[in-house]
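Asks: My file is work_9.cif. It has mmCIF, C-alpha atoms:
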data_upload
#
loop_
_atom_site.label_atom_id
_atom_site.label_comp_id
_atom_site.auth_asym_id
_atom_site.auth_seq_id
_atom_site.Cartn_x
_atom_site.Cartn_y
_atom_site.Cartn_z
CA MET A 1 0.00 0.00 0.00
CA SER A 2 1.48 3.36 -0.98
CA LEU A 3 1.74 6.34 1.32
CA PRO A 4 -0.28 9.44 0.45
CA LEU A 5 1.62 11.37 -2.19
CA LYS A 6 1.38 15.15 -2.55
CA SER A 7 3.36 15.83 -5.72
CA GLY A 8 4.50 13.92 -8.79
CA TYR A 9 4.18 13.35 -12.54
CA LEU A 10 1.95 10.79 -14.21
CA PHE A 11 2.83 9.61 -17.71
CA ILE A 12 -0.40 8.58 -19.43
CA ASN A 13 -0.95 6.88 -22.77
CA LYS A 14 -4.34 8.38 -23.64
CA ASN A 15 -6.90 6.28 -25.46
CA PRO A 16 -8.99 7.78 -28.28
CA GLY A 17 -12.54 8.75 -27.33
CA LEU A 18 -11.60 10.66 -24.18
CA THR A 19 -10.71 14.32 -23.87
CA SER A 20 -7.65 15.30 -21.87
CA SER A 21 -10.03 16.80 -19.31
CA ASP A 22 -11.83 13.44 -19.03
CA VAL A 23 -8.53 11.78 -18.14
CA VAL A 24 -7.65 14.48 -15.59
CA ILE A 25 -11.04 14.25 -13.86
CA ARG A 26 -10.99 10.46 -13.70
CA LEU A 27 -7.44 10.29 -12.35
CA LYS A 28 -8.15 12.96 -9.76
CA LYS A 29 -11.02 10.86 -8.45
CA LYS A 30 -9.26 7.50 -8.79
CA LEU A 31 -6.06 8.59 -7.02
CA HIS A 32 -7.73 10.99 -4.54
CA LEU A 33 -5.63 13.94 -5.70
CA ASP A 34 -6.31 17.50 -4.58
CA SER A 35 -4.94 19.10 -7.73
CA ILE A 36 -3.86 17.78 -11.11
CA GLY A 37 -2.96 19.63 -14.29
CA HIS A 38 -1.70 18.93 -17.79
CA THR A 39 1.21 19.99 -19.97
CA GLY A 40 -0.56 20.10 -23.33
CA THR A 41 -3.92 18.62 -24.28
CA LEU A 42 -4.91 16.15 -26.99
CA ASP A 43 -8.11 16.18 -29.03
CA ARG A 44 -10.77 13.60 -28.20
CA PHE A 45 -9.96 11.38 -31.19
CA ALA A 46 -6.20 11.57 -30.60
CA GLU A 47 -4.12 9.25 -28.45
CA GLY A 48 -0.68 9.08 -26.95
CA LEU A 49 1.42 10.89 -24.39
CA LEU A 50 -0.06 13.09 -21.67
CA ILE A 51 2.26 14.32 -18.90
CA LEU A 52 0.09 15.18 -15.91
CA PRO A 53 1.66 16.94 -12.91
CA PHE A 54 -0.16 16.90 -9.60
CA GLY A 55 0.25 18.73 -6.31
CA ASP A 56 3.04 21.30 -6.23
CA TYR A 57 4.44 19.99 -9.52
CA THR A 58 1.65 21.81 -11.37
CA ALA A 59 3.80 24.92 -10.82
CA PHE A 60 6.20 23.66 -13.49
CA SER A 61 3.56 22.95 -16.18
CA GLN A 62 4.60 25.88 -18.36
CA LEU A 63 8.07 24.43 -18.83
CA PHE A 64 6.59 21.63 -20.94
CA LEU A 65 4.29 23.76 -23.08
CA GLY A 66 6.94 25.09 -25.45
CA GLU A 67 8.53 21.72 -26.16
CA ASP A 68 8.56 20.18 -29.63
CA LYS A 69 6.22 17.26 -30.30
CA VAL A 70 6.47 14.10 -32.41
CA TYR A 71 3.30 12.52 -33.84
CA PHE A 72 2.31 9.50 -35.86
CA ALA A 73 -0.44 10.50 -38.29
CA GLU A 74 -2.75 8.34 -40.41
CA VAL A 75 -4.79 10.00 -43.16
CA THR A 76 -7.85 8.68 -45.01
CA LEU A 77 -8.42 9.79 -48.60
CA GLY A 78 -11.89 10.71 -49.88
CA ARG A 79 -13.54 12.32 -46.84
CA ARG A 80 -13.22 15.74 -45.19
CA THR A 81 -14.84 17.14 -42.05
CA ASP A 82 -15.00 20.73 -40.84
CA SER A 83 -12.48 19.96 -38.09
CA GLY A 84 -10.26 17.69 -40.17
CA ASP A 85 -10.73 14.76 -37.77
CA PRO A 86 -13.34 12.00 -37.23
CA ASP A 87 -15.23 14.04 -34.60
CA GLY A 88 -16.12 16.78 -37.08
CA ILE A 89 -19.12 17.28 -39.35
CA THR A 90 -18.65 15.71 -42.80
CA GLU A 91 -18.38 18.39 -45.48
CA GLU A 92 -17.37 16.26 -48.45
CA GLU A 93 -17.20 12.52 -49.15
CA TRP A 94 -16.30 10.93 -52.46
CA SER A 95 -17.25 7.58 -53.90
CA ARG A 96 -14.43 5.12 -54.44
CA GLU A 97 -14.72 5.56 -58.20
CA GLN A 98 -14.53 9.37 -57.93
CA LEU A 99 -11.49 9.16 -55.67
CA GLU A 100 -9.64 6.63 -57.82
CA GLU A 101 -10.18 8.74 -60.93
CA CYS A 102 -8.70 11.83 -59.21
CA LEU A 103 -5.74 9.88 -57.83
CA ARG A 104 -4.93 8.58 -61.32
CA LYS A 105 -5.04 12.09 -62.78
CA ILE A 106 -2.46 13.46 -60.33
CA ASN A 107 -0.47 10.20 -60.27
CA PHE A 108 -0.89 9.83 -56.52
CA GLN A 109 1.96 7.39 -55.82
CA ILE A 110 4.56 7.09 -53.05
CA ASN A 111 6.98 9.39 -54.92
CA PHE A 112 4.34 12.12 -55.13
CA LEU A 113 3.51 11.68 -51.44
CA GLU A 114 7.15 11.76 -50.31
CA HIS A 115 7.82 14.92 -52.32
CA GLU A 116 4.71 16.72 -51.06
CA LEU A 117 5.28 15.84 -47.42
CA SER A 118 8.95 16.85 -47.63
CA GLN A 119 7.75 20.33 -48.64
CA LEU A 120 6.07 20.71 -45.25
CA MET A 121 9.44 21.54 -43.78
CA HIS A 122 9.30 24.84 -45.70
CA TRP A 123 6.04 25.87 -44.01
CA THR A 124 6.73 28.59 -41.47
CA VAL A 125 3.25 29.89 -40.60
CA GLN A 126 -0.12 28.29 -39.96
CA LYS A 127 -3.65 29.53 -39.46
CA ALA A 128 -5.29 27.81 -36.51
CA PRO A 129 -8.26 25.64 -37.55
CA LYS A 130 -11.65 27.32 -37.28
CA ILE A 131 -12.99 24.28 -35.42
CA SER A 132 -10.84 24.42 -32.30
CA ALA A 133 -11.04 25.02 -28.57
CA LEU A 134 -9.39 28.42 -28.93
CA LYS A 135 -11.36 31.16 -27.19
CA VAL A 136 -12.71 34.21 -29.04
CA ASP A 137 -14.42 36.81 -26.85
CA GLY A 138 -14.55 34.23 -24.07
CA LYS A 139 -16.33 31.57 -26.15
CA ARG A 140 -15.02 28.44 -27.90
CA GLN A 141 -14.19 29.23 -31.51
CA SER A 142 -15.73 25.95 -32.72
CA ASP A 143 -19.10 26.82 -31.13
CA GLN A 144 -19.08 30.24 -32.76
CA VAL A 145 -18.20 28.89 -36.22
CA ARG A 146 -20.89 26.21 -36.08
CA GLY A 147 -23.32 28.86 -34.85
CA GLY A 148 -22.80 30.78 -38.07
CA LYS A 149 -20.33 33.43 -36.92
CA ASN A 150 -17.53 34.36 -39.30
CA VAL A 151 -14.28 33.86 -37.39
CA ILE A 152 -10.99 35.12 -38.78
CA GLU A 153 -8.30 32.46 -38.52
CA LYS A 154 -5.26 33.73 -36.64
CA GLU A 155 -1.91 33.13 -38.27
CA ARG A 156 1.08 32.17 -36.15
CA PRO A 157 4.62 30.90 -36.72
CA ILE A 158 5.32 27.16 -36.76
CA ARG A 159 8.32 24.95 -37.42
CA ILE A 160 8.20 21.51 -39.03
CA GLU A 161 11.52 19.91 -38.24
CA LYS A 162 11.19 16.52 -39.94
CA VAL A 163 8.74 14.24 -41.79
CA TRP A 164 9.64 10.57 -42.15
CA ASP A 165 8.40 6.96 -42.11
CA ILE A 166 5.98 7.72 -44.99
CA HIS A 167 3.73 4.86 -46.09
CA LEU A 168 0.96 4.61 -48.69
CA ASP A 169 -1.80 1.98 -48.57
CA PRO A 170 -3.63 2.23 -51.92
CA LYS A 171 -6.00 -0.64 -51.11
CA GLU A 172 -7.34 1.17 -48.03
CA ASN A 173 -6.90 4.64 -49.57
CA LYS A 174 -4.78 5.72 -46.61
CA PHE A 175 -1.29 7.06 -45.98
CA SER A 176 0.71 7.60 -42.79
CA PHE A 177 3.82 9.42 -41.62
CA ARG A 178 5.67 10.66 -38.56
CA ILE A 179 6.26 14.35 -38.02
CA HIS A 180 8.36 16.46 -35.62
CA VAL A 181 6.83 19.90 -35.08
CA SER A 182 7.11 22.95 -32.87
CA SER A 183 4.68 23.43 -30.02
CA GLY A 184 1.28 24.73 -31.07
CA THR A 185 1.33 23.17 -34.55
CA TYR A 186 -2.03 21.63 -35.52
CA ILE A 187 -1.53 18.38 -37.45
CA ARG A 188 -5.19 18.28 -38.56
CA LYS A 189 -4.81 21.79 -40.01
CA ILE A 190 -1.82 20.55 -42.01
CA ILE A 191 -4.10 17.83 -43.41
CA LEU A 192 -6.87 20.35 -44.16
CA ASP A 193 -4.37 22.56 -45.98
CA LEU A 194 -3.04 19.58 -47.99
CA SER A 195 -6.63 18.70 -48.85
CA ALA A 196 -7.14 22.18 -50.31
CA LYS A 197 -3.80 22.07 -52.12
CA TRP A 198 -4.36 18.65 -53.71
CA GLY A 199 -8.08 19.06 -54.35
CA ILE A 200 -8.84 15.81 -52.54
CA PRO A 201 -10.95 15.40 -49.38
CA LEU A 202 -8.62 14.26 -46.58
CA LEU A 203 -9.30 13.18 -43.00
CA LEU A 204 -6.79 12.84 -40.16
CA SER A 205 -8.23 9.52 -39.01
CA ARG A 206 -5.60 8.70 -36.38
CA LEU A 207 -3.12 10.80 -34.41
CA VAL A 208 -0.69 9.51 -31.79
CA ARG A 209 1.54 11.86 -29.80
CA GLU A 210 4.73 9.87 -29.34
CA SER A 211 6.87 12.44 -27.55
CA ILE A 212 6.94 15.83 -25.84
CA GLY A 213 10.47 17.24 -25.89
CA PRO A 214 12.78 14.54 -24.49
CA TRP A 215 9.92 12.56 -22.91
CA ASN A 216 8.25 9.70 -24.78
CA LEU A 217 5.69 6.93 -24.33
CA LYS A 218 8.12 4.55 -22.63
CA GLY A 219 6.55 3.60 -19.32
CA ALA A 220 3.33 5.52 -20.04
CA LYS A 221 0.12 3.65 -19.18
CA PRO A 222 -3.60 3.99 -19.92
CA TYR A 223 -5.24 5.88 -17.08
CA VAL A 224 -7.21 2.79 -16.01
CA ASP A 225 -3.94 0.97 -15.24
CA VAL A 226 -2.19 3.81 -13.42
CA ASP A 227 -1.57 3.72 -9.66
CA ILE A 228 0.06 6.35 -7.49
CA VAL A 229 3.26 4.25 -7.37
CA ASP A 230 3.68 4.95 -11.09
CA ALA A 231 4.24 8.66 -10.35
CA LYS A 232 7.66 10.06 -11.18
CA ASN A 233 9.71 12.43 -9.05
CA TRP A 234 11.21 15.67 -10.39
CA PRO A 235 14.79 14.26 -10.72
CA GLU A 236 13.37 11.71 -13.18
CA VAL A 237 11.42 14.22 -15.25
CA LEU A 238 12.43 17.87 -15.00
CA ILE A 239 16.13 18.20 -14.33
CA LEU A 240 17.35 21.79 -13.92
CA PRO A 241 20.55 23.27 -12.45
CA HIS A 242 20.41 23.82 -8.69
CA ARG A 243 21.86 25.75 -5.82
CA PHE A 244 21.97 24.07 -2.40
CA LEU A 245 20.70 26.00 0.64
CA ASP A 246 21.68 25.58 4.26
CA GLU A 247 19.01 26.07 6.96
CA GLU A 248 19.60 29.81 7.34
CA GLU A 249 19.51 30.37 3.59
CA LYS A 250 16.35 28.29 3.33
CA LYS A 251 14.61 30.57 5.84
CA ARG A 252 15.72 33.66 3.92
CA VAL A 253 14.37 32.29 0.66
CA ILE A 254 11.02 31.27 2.16
CA HIS A 255 10.63 34.81 3.48
CA GLY A 256 11.40 36.35 0.09
CA GLY A 257 15.10 37.09 0.53
CA TYR A 258 17.38 36.82 -2.50
CA ILE A 259 20.70 34.98 -2.43
CA TRP A 260 23.21 36.29 -4.95
CA ASP A 261 26.20 33.99 -4.65
CA LYS A 262 26.83 30.51 -6.08
CA LEU A 263 24.14 30.88 -8.74
CA PRO A 264 24.27 28.04 -11.29
CA ASP A 265 24.40 28.53 -15.04
CA ALA A 266 20.83 28.22 -16.25
CA SER A 267 18.65 28.94 -19.25
CA GLU A 268 15.31 30.74 -19.18
CA SER A 269 13.88 27.55 -17.65
CA GLY A 270 15.74 28.59 -14.52
CA PHE A 271 17.10 26.59 -11.62
CA TYR A 272 16.09 25.08 -8.30
CA MET A 273 16.98 26.13 -4.76
CA ILE A 274 17.34 22.81 -2.95
CA ARG A 275 17.66 22.21 0.77
CA GLU A 276 21.18 20.94 1.45
CA GLY A 277 21.44 17.20 2.08
CA THR A 278 17.97 16.53 0.64
CA GLU A 279 16.07 16.52 -2.64
CA GLU A 280 13.54 19.05 -1.36
CA ILE A 281 12.83 21.95 -3.71
CA VAL A 282 12.54 25.18 -1.74
CA ALA A 283 12.16 27.50 -4.74
CA TRP A 284 12.15 27.59 -8.52
CA CYS A 285 13.96 30.61 -9.94
CA VAL A 286 13.87 32.05 -13.46
CA TYR A 287 16.04 34.75 -15.01
CA GLN A 288 14.51 38.15 -15.74
CA GLY A 289 17.13 39.37 -18.16
CA LYS A 290 20.32 41.42 -17.93
CA SER A 291 18.56 44.78 -17.87
CA ASP A 292 16.56 44.05 -14.74
CA ARG A 293 17.64 45.02 -11.25
CA LEU A 294 17.51 41.42 -10.08
CA PRO A 295 19.15 38.72 -12.23
CA TYR A 296 16.40 36.27 -11.32
CA ARG A 297 13.05 36.09 -9.60
CA TYR A 298 11.19 33.41 -7.70
CA ALA A 299 8.67 31.80 -10.03
CA LYS A 300 7.53 29.67 -7.10
CA VAL A 301 8.52 29.37 -3.45
CA PHE A 302 7.41 26.24 -1.61
CA PHE A 303 6.73 26.97 2.05
CA ASN A 304 6.46 23.21 2.53
CA PRO A 305 9.41 22.09 0.39
CA ILE A 306 8.67 19.33 -2.09
CA PRO A 307 10.12 16.08 -0.76
CA LYS A 308 11.45 13.15 -2.68
CA ILE A 309 8.75 10.53 -3.32
CA MET A 310 8.72 7.80 -0.69
CA PHE A 311 6.66 4.62 -0.72
CA SER A 312 5.97 1.85 1.76
CA LYS A 313 4.94 -1.62 0.78
#
Will you turn the file into structure tokens for me?

Replies:
Amino acid sequence: MSLPLKSGYLFINKNPGLTSSDVVIRLKKKLHLDSIGHTGTLDRFAEGLLILPFGDYTAFSQLFLGEDKVYFAEVTLGRRTDSGDPDGITEEEWSREQLEECLRKINFQINFLEHELSQLMHWTVQKAPKISALKVDGKRQSDQVRGGKNVIEKERPIRIEKVWDIHLDPKENKFSFRIHVSSGTYIRKIILDLSAKWGIPLLLSRLVRESIGPWNLKGAKPYVDVDIVDAKNWPEVLILPHRFLDEEEKKRVIHGGYIWDKLPDASESGFYMIREGTEEIVAWCVYQGKSDRLPYRYAKVFFNPIPKIMFSK
């Protein structure tokens, strides 16, 4: 039997058919957690990696949000929905004969597919899909679009690092690939844009998030199989530089005092203040920039320092 655990990370392999919020709510109830967050959601139809911090670890959620992602994508030819995925409203669907005639005209073979997908790496901007959970004037954009409101798609920068493992299944009229993208890139919008470019209805029928930054699906479990003993501690997940504190320094930090010496080299992600002789995080510090009066600030101070995870059998 495990001891009550206040903080940790859960690595979940999400099943299709559940929203990320569904998983969060069910785990909170199942594991009797006071607070649980996420580090990037997945659409209902999508599956794959969710990293869910709970307790004090929710303070570090933002550090995951800007990480690159790797996805496996499977695309069905001949059908398009307003959202680009199976949960959307069908806008166009071709007969097999109509589809096969179009594919012959453009010589839709593996060489064509490899060339077209390789061009994705030149895409530098993307308009967010109209059917999305983005908020416009406090309301979901998808609800407004389906209610008849004309919503202007916002353009934002993206980066497509790599596309590989491309396969074509002409018998099933499907193709698949893996893609490494910057945070915030919509894979289903890529498919919608390819659909418009090729003149063929396309549907992102399967999407699996295989990694977030350096973290992947290894060890991730469906939420129904997860127990509190599967939680990971911060040294296993989010390793940052650190500065050890003695007892006097710890008191100063907890009361808002700044310590200027022995600061570690750190990026914008910052560094930890750790109680000497332990693995207890007292504070998480981030740099403010060279022009500021203070070289760093406390992003979070833990008045009850986060302890290392301990279990009893």

Asks: May I ask for the distance between atom CA of Lys250 of chain A and atom CA of Trp234 of chain A, given in Å to one decimal place?

Replies: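 Result for atom CA of Lys250 of chain A versus atom CA of Trp234 of chain A: 19.3 Å, one decimal.
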
Asks: How many Å separate atom CA of Glu67 of chain A from atom CA of Glu236 of chain A?

Replies: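 Between these atoms lies a distance of 17.1 Å.
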
Asks: List the spatial neighbours of Trp94 of chain A as a short mmCIF file (atom, residue, chain, number, x, y, z; two decimals) with C-alpha atoms, in the coordinates of the input - criterion: any atom at most 7 Å away, only C-alpha atoms, same-chain residues fewer than 4 positions off excluded.

Replies:
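Once written, out_38.cif looks like this:
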data_model
loop_
_atom_site.label_atom_id
_atom_site.label_comp_id
_atom_site.auth_asym_id
_atom_site.auth_seq_id
_atom_site.Cartn_x
_atom_site.Cartn_y
_atom_site.Cartn_z
CA GLY A 78 -11.89 10.71 -49.88
CA ARG A 79 -13.54 12.32 -46.84
CA GLN A 98 -14.53 9.37 -57.93
CA LEU A 99 -11.49 9.16 -55.67
#

Asks: Name every residue that the PyMOL selection byres ((chain A and resi 255-265) around 9) selects in this structure, writing the answer as a ChimeraX atom specification with chains first and numbers rising.

Replies: /A:241-244,249-254,266-267,270-271,294-298,301,303

Asks: Nearest residue to Pro170 of chain A out of A:Leu194, A:Leu103, A:Ala231, A:Ala59, using only C-alpha atoms?

Replies: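 Ranked by minimum distance to Pro170 of chain A, first place goes to A:Leu103.
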
Asks: Could you state the separation of atom CA of Pro222 of chain A and atom CA of Phe54 of chain A in Å, given to one decimal place?

Replies: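 Separation of atom CA of Pro222 of chain A and atom CA of Phe54 of chain A: 16.9 Å.
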